[in-house]
Amino acid sequence: MTTSIRKIPAIKRFLVGDVAKRMVATGIVILAFIIGLNVLAPYLTPNKPTGARADGQLFRPFQEPSKDHIMGTNDIGLDIYTRVLYGGRVPLLVATFSTLFALLLGVPLGLLSGYLGGFLDKLISLIMDSLFAFPGLILAIAITAMIGPSILNTAAAIAVIYVPVFFRVVRSQVLSIKELLYVEAAKSIGESTLSIVFRYILPNTIPGILVILSMGFADAILIEAGLSFIGLSTVVPPDASWGLDVAIGRNYLLSGSWWIITFPGIMLIFATLGFSLISEGLNDLMNPKLSE
Amino acid sequence: MLLNVINLKKYFPVEKSFIEKLITKTKSFVHAVDDISFSIRKKEIFGLVGESGCGKSTTGRLCIGLIEPTDGKIFFDGCEISSLAKRELKKLRKKIQMIFQDPTASLNPKMRIGEAISRPLKIQGNYSKQEIKVEVLQALDTVALTPPENFYHRYPYELSGGQRQRAVIARSLVLKPEFVVADEPIAMIDVSVRAQIMDLIENLRKGRQMTFLLITHDLASARYLCDRIAIMYAGKIVEIGFKNELFTNPQHPYTKALLSAVPVPDPKHKIDRIIIGGEVPSLINPPKGCRFNPRCPYAETVCQTVEPILDKVGDEHYVACIPKPFYKK
Amino acid sequence: MSSRNNTHLLEVSRLNVEYLTKKGTVKALRDVTFKLDSGTALGIVGESGCGKSTLAFSIIRCIQPPGFITSGSIFFDGVDLLQLSENKMRKMRGKNISLIPQDPMTSLNPVMRVGEHFMEMIGNHEPHLDKAERKKRALDILEKLGIPSERFKDYPHQFSGGMRQRVMIGLALLLNPKLVIADEPTTSLDALVEAQILELIQKLTKELSLTLILITHNIGVVAEICNRVIVMYAGQIVEEANTLQLFDKPLHPYTEALLASVPNPIEEIKKLNWIPGSPPNLLNLPKGCSFYLRCRYAFDKCRTTEPELINLEERRVRCFLYERGE
Amino acid sequence: MTLKAYIITRSLLALPMTIFLLSVVFIIVRILPGNPIDLILGPHATPEMKTILAQRLGLDIPIYLQYLHYIAGVFQGNLGKSMHTGIPISQEILQYFPNTVVLAVAAMFVALAIGIPLGVLASQRFSKTEDIIVRLFGATVYVIPVFWLGMILQLVFGVYLRIFPVAGIGPLPSKSLTGLYILDFLLVGDLQGFAKSISYLVMPAFTLGLIISGVFMRLTRTYMVETMRQDYTVAAVSRGLRKQTIIYKYALRNALLPLVTMIGLEIAGLLAGAVLTEVTFSWPGLGTYLVSRIGLRDYPAVQGCIVFFAVIVIVVSFIVDLTYAYLDPRVRL
């Protein structure tokens with residue numbers, strides 16, 4: 001016999017509905033771990049990422065993971081574990097700069113365009129939509145190929161991709177918030193345009209901005225790695241960067257040196273996963289329709 | 001007369017895509033408010049009643065200068081609202097305020113109640129921090145959000161619907177205005193606390209000598225609260241009168257139908273209902289002549305061509321209907 | 001399969017529904033018990049959040065997670081709906097019990113033609129009928145509702161609100177169900193259209209001798225259409241009576257206060273009452289009577305003990321004021 | 001708005017979009033710091049060499065004239081000549097592009113085949129274990145660098161298990177009829193060649209498709225959760241319709257409308273991913289072409305390639321918008 005009566009178990013009552021929060025928390029833990037590794041790298045390994053052991057000698061290249069080198073050594077005899085620890089600095093820096101650039105440009109434009117409307121809005125939107133439609137990586141490739149890769153240059157190239165993302169999200173939120181009654185109420189008590197934008201609209205777009213911000217971090221790390229992969233690396237060997245190390249490893253793939261690409265790749269995934277979990281969780285938290 | 005509205009019109013342009021603009025030269029408009037006139041006395045609660053989309057909320061927004069009229073004039077205490085410069089309009093806000101339908105939506109979710117209520121004072125300037133706090137607490141007290149200190153630091157989501165609406169009213173009171181436009185102040189509130197909001201409005205009128213324009217679709221509460229009522233249909237006022245006259249001796253077929261459509265909370269009362277077919281017409285191309293003529297059971301041919309104007313039929317009782325079937329009887 | 005013989009069309013007993021939310025468990029329905037005879041038009045009134053819509057959806061077993069029916073039984077025509085398999089229950093919906101939803105504007109599939117909704121419904125429940133017969137039945141009901149047959153091929157967005165609600169009523173009545181539940185059927189409509197629809201519902205109820213459950217917050221609508229009323233407060237039935245009795249002499253302090261707080265459009269009212277405070281938080285119900293804090297008759301016992309529904313002649317009330325011997 | 005008006009509006013919008021994107025490419029190539037002449041010739045070039053190269057590249061005339069020549073050229077389908085091979089760039093692109101189309105279409109197929117069913121599954125098991133697993137899977141595939149996944153697959157299935165070829169596109173058909181080699185195999189009737197070329201296609205298409213599928217999974221889930229809660233779906237449940245009818249005819253059909261738009265936007269992601277995938281698998285497509293020309297400092301070719309991508313994106317998004325308009329009766333009218 002079937003029944004549609006459900007006893008709700010106590011454990012379910014206890015656990016209900018915090019999937020989103022747990023996603024954000026997991027993301028933060030992963031990130032803290034990754035950033036911790038990068039900051040504490042000098043204390044976690046006796047070796048240097050670019051050169052050598054304490055005595056200045058290189059290791060034997062192409063060593064499989066072993067007790068001495070838990071992640072093996074690479075083509076020129078550097079310890080991969082050490083490089084993995086240090087290799088996040090460049091992508092994280094590039095990601096930070098690029099999302100900051102994009103945020104500083106995209107958010108004000110979105111606010112302006114969305115709130116003022118009219119021809120200006122149409123024009124900016126057209127430009128931003130065109131940029132948005134363009135494959136981001138290819139745009140970044142074009143820009144870095146022309147201006148040459150460096151931390152700031154690469155960050156700027158990636159920022160160009162993300163400006164329209166911030167713009168679109170902020171603008172669409174402004175458009176919907178602008179129609180809300182509390183904005184009209186603010187007008188009715190005589191609030192100035194500036195005050196409406198900054199007191200009533202901007203604070204309510206912040207959750208949306210945070211979602212894009214963390215997604216932007218994840219994407220920036222991936223794009224930086226992608227640029228490294230096709231030879232537009234931000235740093236040159238022997239400096240360490242996860243993307244670059246994966247790119248180098250590609251040359252030794254057929255000989256089966258799996259460890260050269262595997263470990264930096266996993267670190268890349270972990271770092272981006274941290275950001276994307278935060279973004280996904282925040283998105284749920286702000287969208288009550290999707291959470292129970 | 002505190003407020004005089006004369007031949008007020010508001011047409012909203014219909015948003016068109018770029019290509020439609022190319023194809024058709026003619027611009028089309030939503031005739032939201034189409035040539036209405038009325039006046040409100042000091043200390044009066046004036047009701048503007050109609051179905052959704054009849055233009056009553058637009059009228060309310062026009063009356064506080066939130067949007068500009070397409071044509072016509074609004075005089076408040078002798079000065080014309082629509083001709084005011086921004087700075088003068090800001091001064092006028094001290095005297096005119098508005099309450100909106102949805103209390104939840106009319107409070108910024110990221111702003112504490114105290115801050116929200118203090119904004120009108122801060123915008124006007126000339127108040128010290130101390131004064132502002134005193135005024136805000138006093139306003140909270142007036143709307144019975146007591147003890148006021150408890151509510152000062154709360155966020156809107158921590159309040160119930162009725163409490164939020166009282167906070168909104170407090171915000172509109174803090175400058176001690178003379179005139180308040182209340183746009184469906186009880187529509188989104190639980191039945192059991194509606195009367196509380198209505199009593200609050202009534203007490204403000206008595207105690208503070210305030211004047212209200214009450215916009216509502218609910219005839220029963222309009223009858224409870226208002227002194228005079230104007231009935232709107234499709235952008236036009238079809239009938240104005242004192243509430244008892246209007247409810248006991250309605251003249252316009254629309255008023256009559258509207259009154260008979262209200263469900264009466266009394267099972268012994270048997271309604272002789274006038275069932276009107278069809279639905280409210282599009283205001284982009286409103287019907288020629290009387291706007292109600294396609295649905296009106298008493299329509300004559302003349303109604304299809306001649307636009308009726310408000311005609312005096314009794315003591316301050318005006319109706320815009322050509323055949324006047326009930327009056328003649 | 002449990003079944004028993006009785007004369008009631010619907011017999012709900014001790015129905016409990018809970019919603020699991022992040023903040024805790026919301027007790028949406030608490031021990032809801034009532035019987036409904038064939039041919040009755042029952043009104044269920046209460047303010048928003050009192051559980052009246054939850055009750056409607058529980059009867060057709062359409063409570064979506066995070067809501068759960070945690071205990072109780074719903075006997076319909078002698079069969080406990082809560083013990084049916086999902087497939088058997090599905091066949092009951094629309095055929096034996098149907099629902100008229102609240103907002104007709106959003107209740108039709110926007111990418112399907114209006115006629116398709118009817119054809120699909122018949123095809124689903126009476127697959128033996130061929131296409132011509134299906135169409136005939138659909139057009140029959142459209143005619144009854146005053147919808148021109150040429151509109152069969154239109155999409156929902158081409159219909160006005162009133163027309164859409166007619167369509168929803170048509171879908172609900174298409175298969176001659178024994179019980180129709182109307183969940184605030186006119187709340188989202190304008191006054192004159194509301195009058196049309198109420199008239200239509202009244203007419204059809206009589207013509208087809210339907211059993212109707214009408215869920216509404218509008219006391220006037222109940223007074224007009226229903227012959228029996230249940231008043232709900234905070235997930236419980238607080239009073240049940242014949243309509244005339246209830247309006248004549250409300251027993252529960254909440255009913256009394258509620259009726260006194262509603263303005264009557266046909267008479268001049270000097271003073272309305274209002275109930276202080278607001279309904280209790282269903283996450284954290286107070287001990288004792290849930291109306292205690294707002295009640296003007298409350299005494300000590302109300303604070304500590306929860307009152308049961310007391311059977312009086314022909315009516316029931318959940319209040320200590322009516323306990324026998326006190 | 002009628003569909004016709006919509007089409008016209010949309011096509012008129014495509015023009016400024018194209019011009020804007022072309023301008024962006026121009027700015028990147030000609031105006032940003034980093035002079036191609038210096039980049040090509042290196043630090044030790046003499047002024048004479050620079051002048052000659054500037055003439056060859058058409059960089060010796062005023063910048064606005066360069067811009068006009070460039071725009072006019074693009075609209076005539078003239079993207080200049082490769083510095084490396086001397087062949088017109090448009091000709092080179094058309095030689096590589098069909099291979100990218102094959103990869104992109106196959107990857108899109110994989111992405112939809114994985115993403116939509118899993119998204120529907122997650123929405124039906126909302127907040128339950130299956131849902132959480134699908135979401136984590138979606139979040140993870142989204143963040144895997146596509147080239148890294150490709151290399152891992154190459155290692156496992158190519159180097160160790162030897163199930164699929166490690167890289168390359170495989171043999172080409174004897175005759176080129178449509179340009180799309182995979183169709184040509186079928187047209188020629190060479191089934192063996194067809195099977196062989198499929199075995200080369202599997203890994204790159206799966207790699208790219210899996211990465212893209214995360215987005216579809218997530219969107220399908222989101223839209224389905226929304227449409228499952230819409231009044232029309234609840235009303236359909238209350239009418240006792242079959243579960244399959246409700247899921248597919250009510251929820252999914254309505255969820256597909258916004259999904260079509262997102263598919264259009266994902267074309268950009270697909271092309272970007274295709275560049276990296278092609279490089280990883282040495283797939284002779286446009287991405288490989290672009291990357292190799294960057295390495296060779298063949299700037300006219302790089303510019304032409306990017307212009308071509310821009311045009312493709314605009315054309316595809318145009319088609320997708322029309323599909324949306326066609327599918328939604330509210331737009332169709």
# chains A, B, ... in the order shown; residues from 1 in each chain; ligands from 1
>>> interface_residues(of="chain C", to="chain A", cutoff="6 Å", atoms="only C-alpha atoms", output="number ranges by chain")
C: 22, 69-71, 82-83, 85
>>> interface_residues(of="chain B", to="chain A", cutoff="8 Å", atoms="only C-alpha atoms", output="list in words")
Ile64, Leu66, Lys90, Arg93, Gln97, Met98, Ile99, Phe100, Asp102, Ala105, Ser106, Leu107, Asn108, Pro109, Lys110, Arg119, Pro120, Ile123 and Ser172 of chain B
>>> write_last_selection(atoms="N, CA, C and O atoms", output="PDB file, in the first residue's frame")
ATOM      1  N   ILE B  64       1.137  65.008  -6.990  1.00  0.00           N
ATOM      2  CA  ILE B  64       2.268  65.367  -6.140  1.00  0.00           C
ATOM      3  C   ILE B  64       3.476  65.762  -6.984  1.00  0.00           C
ATOM      4  O   ILE B  64       4.590  65.893  -6.479  1.00  0.00           O
ATOM      5  N   LEU B  66       5.042  64.065  -9.253  1.00  0.00           N
ATOM      6  CA  LEU B  66       5.997  62.992  -9.515  1.00  0.00           C
ATOM      7  C   LEU B  66       6.187  62.789 -11.012  1.00  0.00           C
ATOM      8  O   LEU B  66       7.254  62.418 -11.477  1.00  0.00           O
ATOM      9  N   LYS B  90      10.873  70.904  -4.376  1.00  0.00           N
ATOM     10  CA  LYS B  90      11.438  70.314  -3.172  1.00  0.00           C
ATOM     11  C   LYS B  90      10.819  70.952  -1.928  1.00  0.00           C
ATOM     12  O   LYS B  90      10.507  70.276  -0.959  1.00  0.00           O
ATOM     13  N   ARG B  93       7.424  69.597  -1.273  1.00  0.00           N
ATOM     14  CA  ARG B  93       7.375  68.260  -0.685  1.00  0.00           C
ATOM     15  C   ARG B  93       7.139  68.297   0.828  1.00  0.00           C
ATOM     16  O   ARG B  93       6.731  67.316   1.412  1.00  0.00           O
ATOM     17  N   GLN B  97       2.802  64.821   0.441  1.00  0.00           N
ATOM     18  CA  GLN B  97       3.482  63.527   0.513  1.00  0.00           C
ATOM     19  C   GLN B  97       2.619  62.438  -0.098  1.00  0.00           C
ATOM     20  O   GLN B  97       1.452  62.655  -0.396  1.00  0.00           O
ATOM     21  N   MET B  98       3.230  61.267  -0.272  1.00  0.00           N
ATOM     22  CA  MET B  98       2.462  60.186  -0.892  1.00  0.00           C
ATOM     23  C   MET B  98       2.690  58.876  -0.150  1.00  0.00           C
ATOM     24  O   MET B  98       3.783  58.603   0.343  1.00  0.00           O
ATOM     25  N   ILE B  99       1.644  58.052  -0.089  1.00  0.00           N
ATOM     26  CA  ILE B  99       1.745  56.699   0.470  1.00  0.00           C
ATOM     27  C   ILE B  99       1.419  55.734  -0.662  1.00  0.00           C
ATOM     28  O   ILE B  99       0.457  55.948  -1.395  1.00  0.00           O
ATOM     29  N   PHE B 100       2.220  54.680  -0.775  1.00  0.00           N
ATOM     30  CA  PHE B 100       2.025  53.771  -1.910  1.00  0.00           C
ATOM     31  C   PHE B 100       1.323  52.489  -1.491  1.00  0.00           C
ATOM     32  O   PHE B 100       1.240  52.152  -0.316  1.00  0.00           O
ATOM     33  N   ASP B 102       1.990  49.175  -2.008  1.00  0.00           N
ATOM     34  CA  ASP B 102       2.640  47.989  -1.469  1.00  0.00           C
ATOM     35  C   ASP B 102       3.701  48.408  -0.455  1.00  0.00           C
ATOM     36  O   ASP B 102       4.759  48.882  -0.827  1.00  0.00           O
ATOM     37  N   ALA B 105       7.189  46.889  -0.931  1.00  0.00           N
ATOM     38  CA  ALA B 105       7.968  47.375  -2.062  1.00  0.00           C
ATOM     39  C   ALA B 105       8.328  48.844  -1.910  1.00  0.00           C
ATOM     40  O   ALA B 105       9.240  49.314  -2.567  1.00  0.00           O
ATOM     41  N   SER B 106       7.613  49.577  -1.053  1.00  0.00           N
ATOM     42  CA  SER B 106       7.937  51.001  -1.004  1.00  0.00           C
ATOM     43  C   SER B 106       8.973  51.339   0.059  1.00  0.00           C
ATOM     44  O   SER B 106       9.247  52.506   0.312  1.00  0.00           O
ATOM     45  N   LEU B 107       9.561  50.316   0.675  1.00  0.00           N
ATOM     46  CA  LEU B 107      10.690  50.558   1.575  1.00  0.00           C
ATOM     47  C   LEU B 107      11.938  49.900   0.983  1.00  0.00           C
ATOM     48  O   LEU B 107      11.886  48.750   0.548  1.00  0.00           O
ATOM     49  N   ASN B 108      13.026  50.638   0.990  1.00  0.00           N
ATOM     50  CA  ASN B 108      14.300  50.090   0.528  1.00  0.00           C
ATOM     51  C   ASN B 108      14.736  48.985   1.484  1.00  0.00           C
ATOM     52  O   ASN B 108      14.950  49.243   2.664  1.00  0.00           O
ATOM     53  N   PRO B 109      14.856  47.733   0.989  1.00  0.00           N
ATOM     54  CA  PRO B 109      15.163  46.623   1.901  1.00  0.00           C
ATOM     55  C   PRO B 109      16.500  46.778   2.618  1.00  0.00           C
ATOM     56  O   PRO B 109      16.723  46.153   3.645  1.00  0.00           O
ATOM     57  N   LYS B 110      17.384  47.599   2.066  1.00  0.00           N
ATOM     58  CA  LYS B 110      18.709  47.746   2.666  1.00  0.00           C
ATOM     59  C   LYS B 110      18.801  48.958   3.596  1.00  0.00           C
ATOM     60  O   LYS B 110      19.872  49.376   3.960  1.00  0.00           O
ATOM     61  N   ARG B 119      14.897  60.305   6.056  1.00  0.00           N
ATOM     62  CA  ARG B 119      15.326  60.845   4.761  1.00  0.00           C
ATOM     63  C   ARG B 119      14.611  62.149   4.373  1.00  0.00           C
ATOM     64  O   ARG B 119      15.265  63.092   3.940  1.00  0.00           O
ATOM     65  N   PRO B 120      13.277  62.218   4.484  1.00  0.00           N
ATOM     66  CA  PRO B 120      12.622  63.476   4.078  1.00  0.00           C
ATOM     67  C   PRO B 120      13.181  64.676   4.828  1.00  0.00           C
ATOM     68  O   PRO B 120      13.387  65.737   4.244  1.00  0.00           O
ATOM     69  N   ILE B 123      16.674  65.485   3.481  1.00  0.00           N
ATOM     70  CA  ILE B 123      16.632  66.097   2.150  1.00  0.00           C
ATOM     71  C   ILE B 123      16.283  67.583   2.267  1.00  0.00           C
ATOM     72  O   ILE B 123      16.847  68.428   1.587  1.00  0.00           O
ATOM     73  N   SER B 172       5.778  59.534   5.550  1.00  0.00           N
ATOM     74  CA  SER B 172       5.067  60.613   4.861  1.00  0.00           C
ATOM     75  C   SER B 172       4.599  61.688   5.853  1.00  0.00           C
ATOM     76  O   SER B 172       4.180  62.762   5.453  1.00  0.00           O
TER      77      SER B 172
END
>>> residues_around(residues="stretch 256-265 of chain A", least_positions_apart="6", cutoff="6 Å", atoms="only C-alpha atoms", output="list in words")
Asn74, Val84, Trp242, Val246 and Gly249 of chain A
>>> interface_residues(of="chain D", to="chain C", cutoff="7 Å", atoms="only C-alpha atoms", output="list of chain:residue names")
D:Asp231, D:Tyr232, D:Ala235, D:Ser238, D:Arg239, D:Gly240, D:Leu241, D:Tyr250, D:Asp328, D:Pro329, D:Arg330
>>> write_last_selection(atoms="all heavy atoms", output="PDB file, in the first residue's frame")
ATOM      1  N   ASP D 231       2.492  28.864 -12.449  1.00  0.00           N
ATOM      2  CA  ASP D 231       1.086  28.548 -12.252  1.00  0.00           C
ATOM      3  C   ASP D 231       0.569  27.570 -13.297  1.00  0.00           C
ATOM      4  O   ASP D 231      -0.226  26.694 -12.994  1.00  0.00           O
ATOM      5  CB  ASP D 231       0.252  29.841 -12.316  1.00  0.00           C
ATOM      6  CG  ASP D 231       0.452  30.691 -11.073  1.00  0.00           C
ATOM      7  OD1 ASP D 231       1.010  30.158 -10.110  1.00  0.00           O
ATOM      8  OD2 ASP D 231       0.055  31.860 -11.081  1.00  0.00           O
ATOM      9  N   TYR D 232       1.022  27.740 -14.565  1.00  0.00           N
ATOM     10  CA  TYR D 232       0.457  26.857 -15.593  1.00  0.00           C
ATOM     11  C   TYR D 232       0.877  25.413 -15.396  1.00  0.00           C
ATOM     12  O   TYR D 232       0.132  24.500 -15.715  1.00  0.00           O
ATOM     13  CB  TYR D 232       0.796  27.347 -17.012  1.00  0.00           C
ATOM     14  CG  TYR D 232       2.264  27.600 -17.290  1.00  0.00           C
ATOM     15  CD1 TYR D 232       3.131  26.558 -17.560  1.00  0.00           C
ATOM     16  CD2 TYR D 232       2.771  28.895 -17.302  1.00  0.00           C
ATOM     17  CE1 TYR D 232       4.464  26.799 -17.823  1.00  0.00           C
ATOM     18  CE2 TYR D 232       4.102  29.148 -17.559  1.00  0.00           C
ATOM     19  CZ  TYR D 232       4.945  28.092 -17.828  1.00  0.00           C
ATOM     20  OH  TYR D 232       6.269  28.333 -18.082  1.00  0.00           O
ATOM     21  N   ALA D 235      -1.199  24.184 -12.424  1.00  0.00           N
ATOM     22  CA  ALA D 235      -2.568  23.971 -12.896  1.00  0.00           C
ATOM     23  C   ALA D 235      -2.658  22.674 -13.693  1.00  0.00           C
ATOM     24  O   ALA D 235      -3.633  21.933 -13.593  1.00  0.00           O
ATOM     25  CB  ALA D 235      -3.026  25.162 -13.739  1.00  0.00           C
ATOM     26  N   SER D 238      -2.795  19.859 -11.394  1.00  0.00           N
ATOM     27  CA  SER D 238      -4.108  19.765 -10.746  1.00  0.00           C
ATOM     28  C   SER D 238      -5.173  19.231 -11.694  1.00  0.00           C
ATOM     29  O   SER D 238      -6.225  18.815 -11.270  1.00  0.00           O
ATOM     30  CB  SER D 238      -4.534  21.127 -10.200  1.00  0.00           C
ATOM     31  OG  SER D 238      -5.114  21.903 -11.228  1.00  0.00           O
ATOM     32  N   ARG D 239      -4.876  19.261 -12.990  1.00  0.00           N
ATOM     33  CA  ARG D 239      -5.830  18.680 -13.951  1.00  0.00           C
ATOM     34  C   ARG D 239      -5.574  17.203 -14.159  1.00  0.00           C
ATOM     35  O   ARG D 239      -6.238  16.564 -14.968  1.00  0.00           O
ATOM     36  CB  ARG D 239      -5.733  19.404 -15.292  1.00  0.00           C
ATOM     37  CG  ARG D 239      -6.315  20.799 -15.283  1.00  0.00           C
ATOM     38  CD  ARG D 239      -6.690  21.257 -16.665  1.00  0.00           C
ATOM     39  NE  ARG D 239      -5.559  21.380 -17.558  1.00  0.00           N
ATOM     40  CZ  ARG D 239      -4.789  22.462 -17.660  1.00  0.00           C
ATOM     41  NH1 ARG D 239      -5.024  23.483 -16.898  1.00  0.00           N
ATOM     42  NH2 ARG D 239      -3.797  22.497 -18.512  1.00  0.00           N
ATOM     43  N   GLY D 240      -4.585  16.663 -13.472  1.00  0.00           N
ATOM     44  CA  GLY D 240      -4.335  15.227 -13.553  1.00  0.00           C
ATOM     45  C   GLY D 240      -3.644  14.788 -14.823  1.00  0.00           C
ATOM     46  O   GLY D 240      -3.804  13.653 -15.259  1.00  0.00           O
ATOM     47  N   LEU D 241      -2.875  15.678 -15.435  1.00  0.00           N
ATOM     48  CA  LEU D 241      -2.159  15.261 -16.643  1.00  0.00           C
ATOM     49  C   LEU D 241      -1.005  14.340 -16.259  1.00  0.00           C
ATOM     50  O   LEU D 241      -0.533  14.332 -15.128  1.00  0.00           O
ATOM     51  CB  LEU D 241      -1.625  16.490 -17.376  1.00  0.00           C
ATOM     52  CG  LEU D 241      -2.684  17.485 -17.814  1.00  0.00           C
ATOM     53  CD1 LEU D 241      -2.055  18.614 -18.616  1.00  0.00           C
ATOM     54  CD2 LEU D 241      -3.766  16.810 -18.640  1.00  0.00           C
ATOM     55  N   TYR D 250       4.897  21.124 -20.682  1.00  0.00           N
ATOM     56  CA  TYR D 250       4.713  22.356 -19.916  1.00  0.00           C
ATOM     57  C   TYR D 250       6.053  22.939 -19.472  1.00  0.00           C
ATOM     58  O   TYR D 250       6.417  24.020 -19.859  1.00  0.00           O
ATOM     59  CB  TYR D 250       3.784  22.099 -18.716  1.00  0.00           C
ATOM     60  CG  TYR D 250       2.344  21.999 -19.130  1.00  0.00           C
ATOM     61  CD1 TYR D 250       1.852  20.859 -19.761  1.00  0.00           C
ATOM     62  CD2 TYR D 250       1.464  23.054 -18.933  1.00  0.00           C
ATOM     63  CE1 TYR D 250       0.536  20.768 -20.179  1.00  0.00           C
ATOM     64  CE2 TYR D 250       0.144  22.977 -19.344  1.00  0.00           C
ATOM     65  CZ  TYR D 250      -0.320  21.831 -19.960  1.00  0.00           C
ATOM     66  OH  TYR D 250      -1.622  21.763 -20.371  1.00  0.00           O
ATOM     67  N   ASP D 328       8.464  31.415 -29.793  1.00  0.00           N
ATOM     68  CA  ASP D 328       7.585  32.004 -28.790  1.00  0.00           C
ATOM     69  C   ASP D 328       6.372  32.642 -29.452  1.00  0.00           C
ATOM     70  O   ASP D 328       6.494  33.640 -30.149  1.00  0.00           O
ATOM     71  CB  ASP D 328       8.348  33.061 -27.989  1.00  0.00           C
ATOM     72  CG  ASP D 328       7.536  33.529 -26.789  1.00  0.00           C
ATOM     73  OD1 ASP D 328       6.326  33.217 -26.751  1.00  0.00           O
ATOM     74  OD2 ASP D 328       8.100  34.183 -25.917  1.00  0.00           O
ATOM     75  N   PRO D 329       5.191  32.073 -29.219  1.00  0.00           N
ATOM     76  CA  PRO D 329       4.004  32.621 -29.891  1.00  0.00           C
ATOM     77  C   PRO D 329       3.733  34.064 -29.499  1.00  0.00           C
ATOM     78  O   PRO D 329       3.089  34.794 -30.235  1.00  0.00           O
ATOM     79  CB  PRO D 329       2.876  31.709 -29.412  1.00  0.00           C
ATOM     80  CG  PRO D 329       3.392  31.001 -28.220  1.00  0.00           C
ATOM     81  CD  PRO D 329       4.878  30.934 -28.375  1.00  0.00           C
ATOM     82  N   ARG D 330       4.238  34.480 -28.331  1.00  0.00           N
ATOM     83  CA  ARG D 330       3.981  35.859 -27.917  1.00  0.00           C
ATOM     84  C   ARG D 330       4.736  36.851 -28.794  1.00  0.00           C
ATOM     85  O   ARG D 330       4.323  37.974 -28.971  1.00  0.00           O
ATOM     86  CB  ARG D 330       4.362  36.051 -26.453  1.00  0.00           C
ATOM     87  CG  ARG D 330       3.314  35.498 -25.522  1.00  0.00           C
ATOM     88  CD  ARG D 330       3.883  35.215 -24.159  1.00  0.00           C
ATOM     89  NE  ARG D 330       4.899  34.181 -24.223  1.00  0.00           N
ATOM     90  CZ  ARG D 330       5.432  33.618 -23.142  1.00  0.00           C
ATOM     91  NH1 ARG D 330       5.055  34.003 -21.961  1.00  0.00           N
ATOM     92  NH2 ARG D 330       6.334  32.675 -23.259  1.00  0.00           N
TER      93      ARG D 330
END
>>> residues_around(residues="A:Leu131", least_positions_apart="6", cutoff="8 Å", atoms="only C-alpha atoms", output="list in words")
Ile161 and Pro164 of chain A; Leu21 of chain D
>>> write_last_selection(atoms="C-alpha atoms", output="PDB file, in the first residue's frame")
ATOM      1  CA  ILE A 161      35.998  40.659 -21.560  1.00  0.00           C
ATOM      2  CA  PRO A 164      30.363  43.885 -20.420  1.00  0.00           C
TER       3      PRO A 164
ATOM      4  CA  LEU D  21      33.445  44.808 -33.430  1.00  0.00           C
TER       5      LEU D  21
END
>>> residues_around(residues="D:Gly80", least_positions_apart="2", cutoff="9 Å", atoms="only C-alpha atoms", output="PyMOL selection string")
chain D and resi 57+70+73-74+78+82+87-90+300-301+304
>>> select_by_dssp(residues="stretch 94-280 of chain C", states="helix (DSSP H, G or I)", output="VMD selection string")
chain C and resid 104 to 106 114 to 125 131 to 144 149 to 153 156 to 158 161 to 173 191 to 207 219 to 225 243 to 248 253 to 260
>>> interface_residues(of="chain A", to="chain D", cutoff="9 Å", atoms="only C-alpha atoms", output="ChimeraX atom specification")
/A:17,19,126-127,129-139,141-143,145-148,218-219,222-223,225-226,229-231,246-247,250,253-256,258,261-262,265-266,268-273,276-277,280,289-292
>>> residues_around(residues="stretch 197-209 of chain D", least_positions_apart="6", cutoff="7 Å", atoms="only C-alpha atoms", output="ChimeraX atom specification")
/D:103,106-108,110-111,146,149-150,164-165,168-171,273-274,277,281
>>> atom_distance(atom1="atom CA of D:Arg253", atom2="atom CA of B:Glu15")
28.9 Å
>>> atom_distance(atom1="atom CA of C:Gly39", atom2="atom CA of C:Thr205")
8.6 Å
